[in-house]
>>> print(open('data-v1.txt').read())   # compact mmCIF, C-alpha atoms
# COMPACT_ATOMS: atom_id res chain seq x y z
CA MET A 1 0.00 0.00 0.00
CA ALA A 2 1.28 3.47 -0.89
CA GLY A 3 0.52 7.15 -0.42
CA ILE A 4 0.26 10.27 -2.58
CA TYR A 5 1.28 13.73 -1.37
CA LEU A 6 0.41 16.86 -3.35
CA HIS A 7 2.18 20.12 -2.52
CA ILE A 8 -0.01 23.14 -3.26
CA PRO A 9 2.44 26.07 -3.10
CA PHE A 10 0.17 29.05 -2.40
CA CYS A 11 -0.75 30.98 0.74
CA LYS A 12 -2.83 34.06 1.47
CA GLN A 13 0.06 35.53 3.47
CA ALA A 14 3.42 34.44 4.84
CA CYS A 15 3.61 33.21 8.44
CA HIS A 16 6.75 34.56 10.10
CA TYR A 17 8.08 31.12 11.07
CA CYS A 18 7.36 29.20 7.85
CA ASN A 19 10.17 27.74 5.72
CA PHE A 20 7.98 25.59 3.45
CA HIS A 21 7.89 26.40 -0.24
CA PHE A 22 5.00 28.72 -1.12
CA SER A 23 4.02 31.91 -2.93
CA THR A 24 1.59 34.60 -1.80
CA SER A 25 0.80 35.44 -5.42
CA LEU A 26 -1.96 33.36 -7.02
CA LYS A 27 -1.17 34.47 -10.58
CA GLN A 28 0.46 31.14 -11.43
CA LYS A 29 -2.25 28.98 -9.84
CA PRO A 30 -4.03 28.04 -13.11
CA ALA A 31 -0.73 27.18 -14.81
CA PHE A 32 0.39 25.25 -11.73
CA VAL A 33 -2.77 23.13 -11.72
CA GLU A 34 -2.25 22.37 -15.41
CA ALA A 35 1.34 21.33 -14.71
CA LEU A 36 0.30 19.23 -11.71
CA LEU A 37 -2.25 17.35 -13.84
CA LYS A 38 0.48 16.62 -16.37
CA GLU A 39 2.94 15.50 -13.68
CA ILE A 40 0.36 13.04 -12.35
CA GLU A 41 0.20 11.48 -15.81
CA LEU A 42 3.97 11.56 -16.33
CA ARG A 43 4.66 9.77 -13.04
CA LYS A 44 1.80 7.28 -13.05
CA ASP A 45 4.25 4.37 -13.00
CA TYR A 46 6.36 5.56 -10.04
CA LEU A 47 4.48 3.43 -7.51
CA GLN A 48 4.62 0.40 -9.83
CA GLN A 49 0.91 -0.35 -9.64
CA GLU A 50 0.83 -0.34 -5.82
CA VAL A 51 -2.59 0.32 -4.36
CA VAL A 52 -2.89 3.81 -2.85
CA LYS A 53 -4.53 4.07 0.57
CA THR A 54 -3.87 7.74 1.39
CA VAL A 55 -3.96 11.04 -0.48
CA TYR A 56 -2.75 14.19 1.26
CA PHE A 57 -3.15 17.77 0.00
CA GLY A 58 -0.48 19.82 1.80
CA GLY A 59 1.29 23.09 1.27
CA GLY A 60 1.09 25.95 1.33
CA THR A 61 -2.64 26.25 1.75
CA PRO A 62 -4.39 23.70 -0.50
CA SER A 63 -7.81 24.97 0.56
CA LEU A 64 -7.10 27.96 -1.72
CA LEU A 65 -7.81 25.66 -4.67
CA SER A 66 -11.25 26.06 -6.17
CA THR A 67 -13.74 23.21 -6.20
CA GLU A 68 -13.17 22.86 -9.95
CA GLU A 69 -9.39 22.63 -9.48
CA LEU A 70 -9.71 20.03 -6.72
CA THR A 71 -12.13 18.05 -8.87
CA ALA A 72 -9.72 18.02 -11.81
CA ILE A 73 -6.82 16.90 -9.60
CA LEU A 74 -8.75 14.11 -7.89
CA ASP A 75 -10.17 12.89 -11.21
CA GLN A 76 -6.66 12.77 -12.65
CA LEU A 77 -5.37 10.83 -9.64
CA HIS A 78 -8.15 8.24 -9.96
CA ARG A 79 -7.45 8.02 -13.69
CA HIS A 80 -3.80 7.10 -13.24
CA PHE A 81 -3.54 5.43 -9.81
CA THR A 82 -5.47 2.66 -8.09
CA ILE A 83 -6.92 4.34 -5.00
CA THR A 84 -8.87 2.29 -2.48
CA ALA A 85 -12.54 3.10 -1.98
CA ASP A 86 -11.92 3.80 1.71
CA ALA A 87 -8.74 5.85 1.18
CA GLU A 88 -7.93 8.54 3.72
CA ILE A 89 -8.05 11.80 1.74
CA THR A 90 -6.79 14.76 3.77
CA LEU A 91 -6.97 18.46 2.93
CA GLU A 92 -4.99 21.02 4.91
CA THR A 93 -6.96 24.21 5.53
CA ASN A 94 -6.78 27.37 7.58
CA PRO A 95 -9.74 28.60 9.67
CA ASP A 96 -10.32 31.60 7.38
CA ASN A 97 -10.91 29.24 4.42
CA ILE A 98 -13.57 27.21 6.24
CA GLN A 99 -17.01 28.16 4.95
CA GLN A 100 -20.18 26.08 4.81
CA GLY A 101 -20.40 25.94 1.02
CA ARG A 102 -16.75 24.97 0.57
CA LEU A 103 -17.00 22.31 3.26
CA GLN A 104 -19.98 20.78 1.47
CA ASP A 105 -18.06 20.79 -1.82
CA TRP A 106 -15.03 19.12 -0.24
CA LYS A 107 -17.18 16.40 1.26
CA LYS A 108 -18.88 15.71 -2.10
CA LEU A 109 -15.44 15.35 -3.68
CA GLY A 110 -14.56 12.52 -1.28
CA ILE A 111 -12.27 14.49 1.02
CA ASN A 112 -12.88 12.78 4.37
CA ARG A 113 -10.26 14.30 6.67
CA LEU A 114 -9.43 17.94 7.39
CA SER A 115 -6.19 19.23 8.89
CA ILE A 116 -6.97 22.63 10.41
CA GLY A 117 -4.03 24.95 11.10
CA ILE A 118 -5.38 26.76 14.15
CA GLN A 119 -1.98 27.18 15.95
CA SER A 120 -3.57 29.20 18.81
CA PHE A 121 -6.92 30.55 19.93
CA PHE A 122 -5.37 33.80 21.19
CA GLU A 123 -5.13 36.94 19.08
CA GLU A 124 -1.70 38.00 20.33
CA ASP A 125 -0.17 34.65 19.30
CA LEU A 126 -1.79 34.71 15.86
CA GLN A 127 -0.62 38.26 15.21
CA TRP A 128 2.90 37.45 16.41
CA MET A 129 3.01 34.50 13.99
CA ASN A 130 1.42 36.61 11.21
CA ARG A 131 -1.36 34.08 10.68
CA ALA A 132 -4.10 34.96 8.17
CA HIS A 133 -6.98 34.09 10.52
CA ASN A 134 -8.12 35.61 13.80
CA ALA A 135 -9.13 34.12 17.14
CA ALA A 136 -12.85 34.19 16.35
CA GLU A 137 -12.29 32.23 13.13
CA ALA A 138 -10.12 29.74 15.01
CA LEU A 139 -12.91 29.08 17.52
CA LYS A 140 -15.55 28.76 14.79
CA ALA A 141 -13.60 26.45 12.44
CA VAL A 142 -14.22 23.15 14.21
CA GLU A 143 -17.93 23.84 14.74
CA LEU A 144 -18.39 24.61 11.04
CA ALA A 145 -16.48 21.52 9.94
CA ARG A 146 -18.47 19.22 12.19
CA SER A 147 -21.81 20.74 11.25
CA THR A 148 -21.04 19.71 7.66
CA GLY A 149 -20.26 16.14 8.66
CA PHE A 150 -16.47 16.23 9.02
CA GLU A 151 -15.69 14.17 12.12
CA ASN A 152 -12.22 12.98 11.12
CA LEU A 153 -10.33 16.14 12.06
CA THR A 154 -6.79 16.96 13.04
CA VAL A 155 -5.85 20.34 14.53
CA ASP A 156 -2.37 21.92 14.62
CA LEU A 157 -1.13 23.93 17.60
CA ILE A 158 2.20 25.69 18.13
CA TYR A 159 3.84 26.06 21.53
CA GLY A 160 6.89 27.76 22.95
CA THR A 161 6.29 31.18 21.40
CA PRO A 162 7.27 34.25 23.44
CA THR A 163 3.62 35.39 23.56
CA LEU A 164 2.18 32.06 24.79
CA SER A 165 1.86 31.74 28.57
CA GLU A 166 1.47 28.38 30.31
CA ALA A 167 -2.12 29.31 31.19
CA HIS A 168 -2.96 30.08 27.56
CA TRP A 169 -1.17 26.92 26.40
CA LYS A 170 -3.38 24.88 28.73
CA TRP A 171 -6.48 26.73 27.48
CA ASN A 172 -5.57 25.87 23.86
CA VAL A 173 -5.08 22.19 24.64
CA ASP A 174 -8.15 22.00 26.90
CA ARG A 175 -10.36 23.27 24.05
CA LEU A 176 -9.32 20.39 21.82
CA ILE A 177 -9.78 17.87 24.62
CA GLU A 178 -13.21 19.31 25.43
CA TRP A 179 -14.23 19.07 21.75
CA LYS A 180 -12.85 15.51 21.55
CA ILE A 181 -10.76 16.36 18.49
CA PRO A 182 -9.67 12.89 17.31
CA HIS A 183 -6.16 13.90 16.23
CA ILE A 184 -3.90 16.69 17.49
CA SER A 185 -0.51 17.79 16.11
CA CYS A 186 1.62 20.07 18.29
CA TYR A 187 4.89 21.66 17.21
CA ALA A 188 7.51 23.62 19.08
CA LEU A 189 8.19 26.90 17.33
CA THR A 190 11.40 26.49 15.36
CA VAL A 191 13.43 29.43 14.09
CA GLU A 192 14.46 28.33 10.61
CA PRO A 193 17.25 30.16 8.72
CA LYS A 194 16.18 32.81 6.19
CA THR A 195 12.63 33.04 7.49
CA ALA A 196 11.01 36.32 8.49
CA LEU A 197 11.14 35.19 12.11
CA ASP A 198 14.88 34.57 11.87
CA HIS A 199 15.37 38.11 10.53
CA LEU A 200 13.11 39.67 13.16
CA ILE A 201 15.01 37.95 15.97
CA HIS A 202 18.45 38.82 14.61
CA THR A 203 17.48 42.47 14.17
CA GLY A 204 16.20 42.62 17.75
CA LYS A 205 12.57 43.27 16.78
CA PHE A 206 11.39 39.94 18.25
CA PRO A 207 12.72 38.08 21.30
CA ASN A 208 14.31 34.70 20.68
CA VAL A 209 12.53 31.50 21.69
CA ASP A 210 13.23 30.02 25.12
CA PRO A 211 14.23 26.31 24.87
CA GLN A 212 13.32 25.70 28.53
CA LYS A 213 9.87 27.15 28.00
CA GLN A 214 9.40 24.90 24.98
CA ALA A 215 10.50 21.83 26.95
CA ASP A 216 8.12 22.74 29.79
CA HIS A 217 5.22 23.18 27.36
CA PHE A 218 6.00 19.81 25.73
CA LEU A 219 6.16 17.92 29.02
CA LEU A 220 2.87 19.47 30.14
CA LEU A 221 1.31 18.62 26.78
CA MET A 222 2.23 14.95 27.12
CA LYS A 223 0.76 14.82 30.62
CA TRP A 224 -2.50 16.56 29.70
CA LEU A 225 -3.20 14.49 26.60
CA LYS A 226 -2.25 11.19 28.22
CA THR A 227 -4.70 11.93 31.03
CA ALA A 228 -7.36 12.70 28.40
CA GLY A 229 -6.88 9.30 26.73
CA TYR A 230 -4.79 10.31 23.71
CA GLU A 231 -2.06 8.04 22.32
CA HIS A 232 1.24 9.86 21.93
CA TYR A 233 2.11 7.80 18.88
CA GLU A 234 4.72 10.15 17.37
CA ILE A 235 6.76 13.01 18.82
CA SER A 236 4.40 15.73 17.56
CA ASN A 237 1.23 13.70 17.11
CA PHE A 238 -1.51 12.52 19.45
CA ALA A 239 -4.65 10.55 18.61
CA LEU A 240 -7.68 9.08 20.25
CA PRO A 241 -7.74 5.29 19.71
CA GLY A 242 -8.32 4.45 16.05
CA HIS A 243 -7.58 7.95 14.76
CA ARG A 244 -3.88 7.92 13.90
CA SER A 245 -2.98 9.63 10.64
CA LYS A 246 -2.73 6.82 8.09
CA HIS A 247 -0.77 9.01 5.69
CA ASN A 248 1.89 10.19 8.12
CA SER A 249 2.09 6.75 9.74
CA ALA A 250 3.08 5.39 6.33
CA TYR A 251 6.03 7.82 6.27
CA TRP A 252 7.20 6.65 9.69
CA GLN A 253 6.86 2.99 8.67
CA SER A 254 8.98 3.54 5.52
CA GLU A 255 6.16 2.75 3.10
CA HIS A 256 6.35 4.02 -0.48
CA TYR A 257 4.92 7.40 -1.43
CA ILE A 258 4.97 9.78 -4.36
CA GLY A 259 5.21 13.55 -3.95
CA LEU A 260 3.70 15.74 -6.67
CA GLY A 261 4.10 19.49 -7.09
CA PRO A 262 7.07 21.83 -6.49
CA SER A 263 9.33 20.83 -3.56
CA ALA A 264 7.45 17.54 -2.99
CA HIS A 265 9.48 14.44 -2.03
CA SER A 266 9.05 10.83 -3.15
CA PHE A 267 10.45 7.63 -1.60
CA ASN A 268 10.44 4.00 -2.75
CA THR A 269 13.24 2.50 -0.55
CA ILE A 270 15.52 2.44 -3.61
CA SER A 271 15.79 6.19 -4.09
CA ARG A 272 14.58 9.52 -2.81
CA GLN A 273 13.42 12.11 -5.29
CA TRP A 274 12.42 15.73 -4.82
CA ASN A 275 10.94 18.33 -7.14
CA ILE A 276 12.43 21.77 -7.62
CA ALA A 277 11.16 24.36 -5.15
CA ASN A 278 10.37 27.00 -7.74
CA ASN A 279 6.87 27.40 -9.19
CA ALA A 280 7.86 29.01 -12.49
CA ILE A 281 10.60 26.50 -13.28
CA TYR A 282 8.42 23.57 -12.21
CA ILE A 283 5.59 24.73 -14.51
CA LYS A 284 7.95 25.36 -17.43
CA GLU A 285 9.87 22.07 -17.17
CA VAL A 286 6.78 19.90 -16.70
CA LYS A 287 5.14 21.57 -19.69
CA ASN A 288 8.22 21.15 -21.90
CA GLY A 289 9.13 17.64 -20.75
CA GLY A 290 12.26 18.84 -18.97
CA ILE A 291 13.95 17.81 -15.72
CA TYR A 292 12.24 19.31 -12.69
CA TRP A 293 13.55 17.00 -9.99
CA GLU A 294 16.69 15.70 -8.33
CA LYS A 295 17.23 12.10 -7.33
CA GLU A 296 19.41 10.26 -4.83
CA THR A 297 20.02 6.52 -4.96
CA LEU A 298 19.92 5.15 -1.41
CA THR A 299 22.44 2.75 0.08
CA HIS A 300 21.28 0.16 2.60
CA LYS A 301 22.78 2.38 5.33
CA ASP A 302 20.77 5.36 4.08
CA VAL A 303 17.60 3.28 4.35
CA ALA A 304 18.61 2.12 7.84
CA ASN A 305 19.27 5.71 8.95
CA GLU A 306 15.90 6.78 7.56
CA TYR A 307 14.24 4.03 9.58
CA ILE A 308 16.16 4.95 12.76
CA MET A 309 15.17 8.62 12.44
CA THR A 310 11.48 8.02 11.76
CA ALA A 311 10.86 4.96 13.94
CA LEU A 312 12.51 6.43 17.03
CA ARG A 313 9.99 9.28 16.87
CA THR A 314 7.10 6.81 17.28
CA THR A 315 5.76 5.08 20.36
CA GLU A 316 6.56 1.69 18.79
CA GLY A 317 10.18 2.68 18.33
CA ILE A 318 12.82 0.68 16.46
CA HIS A 319 12.02 -3.00 15.97
CA TYR A 320 15.17 -5.14 16.06
CA LYS A 321 13.94 -7.50 13.33
CA LYS A 322 13.26 -4.58 11.00
CA ILE A 323 16.61 -2.86 11.53
CA ALA A 324 18.41 -6.22 11.28
CA SER A 325 16.79 -6.81 7.88
CA LEU A 326 18.41 -3.61 6.63
CA LEU A 327 21.94 -4.28 7.95
CA THR A 328 24.69 -6.86 7.69
CA THR A 329 25.31 -9.07 10.72
CA GLU A 330 28.43 -7.06 11.54
CA GLU A 331 26.56 -3.76 11.29
CA MET A 332 23.73 -5.05 13.48
CA ASN A 333 26.23 -6.17 16.13
CA SER A 334 27.79 -2.71 15.99
CA PHE A 335 24.37 -1.08 16.37
CA THR A 336 23.56 -3.24 19.39
CA GLN A 337 26.84 -2.34 21.05
CA LEU A 338 26.23 1.33 20.35
CA LEU A 339 22.89 1.13 22.15
CA LEU A 340 24.52 -0.49 25.18
CA SER A 341 27.23 2.16 25.40
CA SER A 342 25.17 5.17 24.34
CA LYS A 343 25.27 8.29 26.51
CA TRP A 344 21.51 8.44 25.92
CA LYS A 345 20.70 4.97 27.31
CA GLN A 346 18.89 6.45 30.33
CA TYR A 347 16.26 7.64 27.84
CA PHE A 348 15.72 4.21 26.26
CA ILE A 349 12.86 1.78 26.92
CA GLN A 350 14.20 -1.59 25.77
CA SER A 351 12.62 -5.01 25.38
CA THR A 352 13.65 -8.15 23.55
CA GLU A 353 11.84 -6.89 20.44
CA ARG A 354 12.34 -3.13 20.25
CA ILE A 355 13.74 0.10 21.63
CA ALA A 356 11.71 3.28 22.18
CA LEU A 357 12.17 6.61 23.95
CA THR A 358 10.97 7.66 27.39
CA ASP A 359 8.94 10.87 27.66
CA ASP A 360 12.08 12.78 28.68
CA GLY A 361 13.94 11.12 25.81
CA LYS A 362 11.47 12.58 23.33
CA LEU A 363 12.94 15.99 24.10
CA PHE A 364 16.21 14.82 22.51
CA ALA A 365 14.87 12.59 19.72
CA ASP A 366 16.77 14.27 16.88
CA ALA A 367 20.10 14.25 18.75
CA ILE A 368 19.67 10.63 19.78
CA SER A 369 18.82 9.54 16.25
CA SER A 370 21.84 11.40 14.88
CA ASP A 371 24.17 9.59 17.29
CA LEU A 372 22.77 6.22 16.18
CA PHE A 373 23.18 6.88 12.44
CA PHE A 374 25.59 4.88 10.31
CA GLU A 375 28.16 7.00 8.50
>>> encode(input="data-v1.txt", output="C-alpha cells")
Amino acid sequence: MAGIYLHIPFCKQACHYCNFHFSTSLKQKPAFVEALLKEIELRKDYLQQEVVKTVYFGGGTPSLLSTEELTAILDQLHRHFTITADAEITLETNPDNIQQGRLQDWKKLGINRLSIGIQSFFEEDLQWMNRAHNAAEALKAVELARSTGFENLTVDLIYGTPTLSEAHWKWNVDRLIEWKIPHISCYALTVEPKTALDHLIHTGKFPNVDPQKQADHFLLLMKWLKTAGYEHYEISNFALPGHRSKHNSAYWQSEHYIGLGPSAHSFNTISRQWNIANNAIYIKEVKNGGIYWEKETLTHKDVANEYIMTALRTTEGIHYKKIASLLTTEEMNSFTQLLLSSKWKQYFIQSTERIALTDDGKLFADAISSDLFFE
C-alpha cells in the first residue's frame, strides 16, 4: 500500500516562522494546476501499480484551490492510480478558508479528513506569527467543519512562542480535549534560517525563543493528553484510539509514497526524489518535458538511517527484526553495542523486540537519532 502527497504552493500571506515552499501570489495557480495534472500522468508508474490508501493535500494552503481545481486533480489521480474506496483523503486548511459551502463541496469530492491549522486561539499569538486568521475564526472552524459532517479532524497547535503563557497553552489544549478532536498535532516553534522570524530575531525586533519554556510546554502537553486518553504515537502527534494519521504513519513505517508538485518528495526504498522548489521552473519544465527533480540513490545504510530517524519518533520505536533486515550481521552487532554504550541509554525503553524513547527522551529525539546513524 502506498501514499500520494500533493504540494499546493500558495498561501494568502506568509507566516513569520514558515520555511515551506509557497508563494503569496496566485497568478500562477491556473498554470500550476495544469502542470500538476500533467505530472500526475507523467509519473503514473512511479508506484509500480501499488494500491494507494492515502492522499494528502499539503502546502502551502491547498484549501485555496477552487472546487473545480480540486475536482480536476482528484479525477486525474483516480485516472492514473489505483486508490482504495476507503482511502484517507486529507486536505490542509486554515480557519479563514472554512465556509459552509466549501465544506460541502469538499465532502462531495470525497475528502474525508481535514487538517486545520489553528496554531492558537489567542489573538496575540496569531498576530505574532502573522497568521491569516483571527481568534474568532479559530474558535468557529471546528464547529463549522463538524456541522457539515467532518468528524475525522486533526488540529495543529504551536507552543513555545514568546507570547504564549502556560495558562494560555493549557487553554488551547483544553479546548481540543473538550471538543474531543480525534487527532492533534503540536509543534515547538522552530526558528528556521532565512525566514522572516529569523530576521526579526536577529534584528532585535522579536525576542528569541526560550528552549526551557518549549520543553516545559511539551512535558505538560504529554501529561494533559495522556490523562485525556490520547495516544502519543509520534513526537508531535496525538490521537484518540483508532484515529492515527494513516498518511503520516506510512512515512514513519517507511512505506512508499509519491510527492507531486514543487518541492514535494518521493520515496520508494531504492531512491529519494524531490521536485524543484520553484513554481515558475516547475511549470515550465513539466510543460516542456524537462527535468524538474533531483534524485538520490539510497544505500542500505541510508535506508537504515531513515528508519532509525522516523521509527525512534514513534511510540513503537525501532524493531530489532526490522533494523536487522536492513543491515549486515556485523553492522547489526555494531548497532547493538552502540545502544549499550550510548550516553543516551537512560532515555531508552528496551525489550527483547524493540527500543523506544521515554517521555524525557522525546525531548532529545533528533540528537539521539543522529548519534545512532551509520556514516
>>> atom_distance(input="data-v1.txt", atom1="atom CA of A:Lys27", atom2="atom CA of A:Ala264")
20.5 Å
>>> closest_residue(input="data-v1.txt", among="A:Tyr282, A:Phe267, A:Tyr257, A:Trp171", to="A:Glu296", atoms="all atoms listed in the file")
A:Phe267
>>> residues_near_point(input="data-v1.txt", point="(3.1, 12.4, -12.4)", cutoff="9 Å", atoms="all atoms listed in the file", output="compact mmCIF listing (two decimals) with C-alpha atoms, keeping the file's coordinate frame")
# COMPACT_ATOMS: atom_id res chain seq x y z
CA LEU A 36 0.30 19.23 -11.71
CA LEU A 37 -2.25 17.35 -13.84
CA LYS A 38 0.48 16.62 -16.37
CA GLU A 39 2.94 15.50 -13.68
CA ILE A 40 0.36 13.04 -12.35
CA GLU A 41 0.20 11.48 -15.81
CA LEU A 42 3.97 11.56 -16.33
CA ARG A 43 4.66 9.77 -13.04
CA LYS A 44 1.80 7.28 -13.05
CA ASP A 45 4.25 4.37 -13.00
CA TYR A 46 6.36 5.56 -10.04
CA HIS A 80 -3.80 7.10 -13.24
CA ILE A 258 4.97 9.78 -4.36
CA GLY A 259 5.21 13.55 -3.95
CA LEU A 260 3.70 15.74 -6.67
CA GLY A 261 4.10 19.49 -7.09
>>> closest_residue(input="data-v1.txt", among="A:Ala365, A:Ile318, A:Leu153, A:Ala277", to="A:Glu294", atoms="all atoms listed in the file")
A:Ala277
>>> atom_distance(input="data-v1.txt", atom1="atom CA of A:Glu124", atom2="atom CA of A:Pro162")
10.2 Å
>>> residues_around(input="data-v1.txt", residues="stretch 53-60 of chain A", least_positions_apart="6", cutoff="6 Å", atoms="all atoms listed in the file", output="mmCIF file with C-alpha atoms, in the frame of the given file")
data_model
loop_
_atom_site.group_PDB
_atom_site.id
_atom_site.type_symbol
_atom_site.label_atom_id
_atom_site.label_comp_id
_atom_site.auth_asym_id
_atom_site.auth_seq_id
_atom_site.Cartn_x
_atom_site.Cartn_y
_atom_site.Cartn_z
ATOM 1 C CA GLY A 3 0.520 7.150 -0.420
ATOM 2 C CA ILE A 4 0.260 10.270 -2.580
ATOM 3 C CA TYR A 5 1.280 13.730 -1.370
ATOM 4 C CA LEU A 6 0.410 16.860 -3.350
ATOM 5 C CA HIS A 7 2.180 20.120 -2.520
ATOM 6 C CA ILE A 8 -0.010 23.140 -3.260
ATOM 7 C CA PRO A 9 2.440 26.070 -3.100
ATOM 8 C CA PHE A 10 0.170 29.050 -2.400
ATOM 9 C CA CYS A 11 -0.750 30.980 0.740
ATOM 10 C CA PHE A 22 5.000 28.720 -1.120
ATOM 11 C CA THR A 84 -8.870 2.290 -2.480
ATOM 12 C CA ALA A 87 -8.740 5.850 1.180
ATOM 13 C CA GLU A 88 -7.930 8.540 3.720
ATOM 14 C CA ILE A 89 -8.050 11.800 1.740
ATOM 15 C CA THR A 90 -6.790 14.760 3.770
ATOM 16 C CA LEU A 91 -6.970 18.460 2.930
ATOM 17 C CA GLU A 92 -4.990 21.020 4.910
ATOM 18 C CA HIS A 247 -0.770 9.010 5.690
#
>>> closest_residue(input="data-v1.txt", among="A:Ile355, A:Ala167, A:Ala311, A:Ala215", to="A:Leu189", atoms="only C-alpha atoms")
A:Ala215
>>> closest_residue(input="data-v1.txt", among="A:Ala356, A:Ala136, A:Ile281, A:Ala2", to="A:Gly317", atoms="all atoms listed in the file")
A:Ala356
>>> closest_residue(input="data-v1.txt", among="A:Gly204, A:Gly289, A:Pro95, A:Pro193", to="A:Glu137", atoms="all atoms listed in the file")
A:Pro95
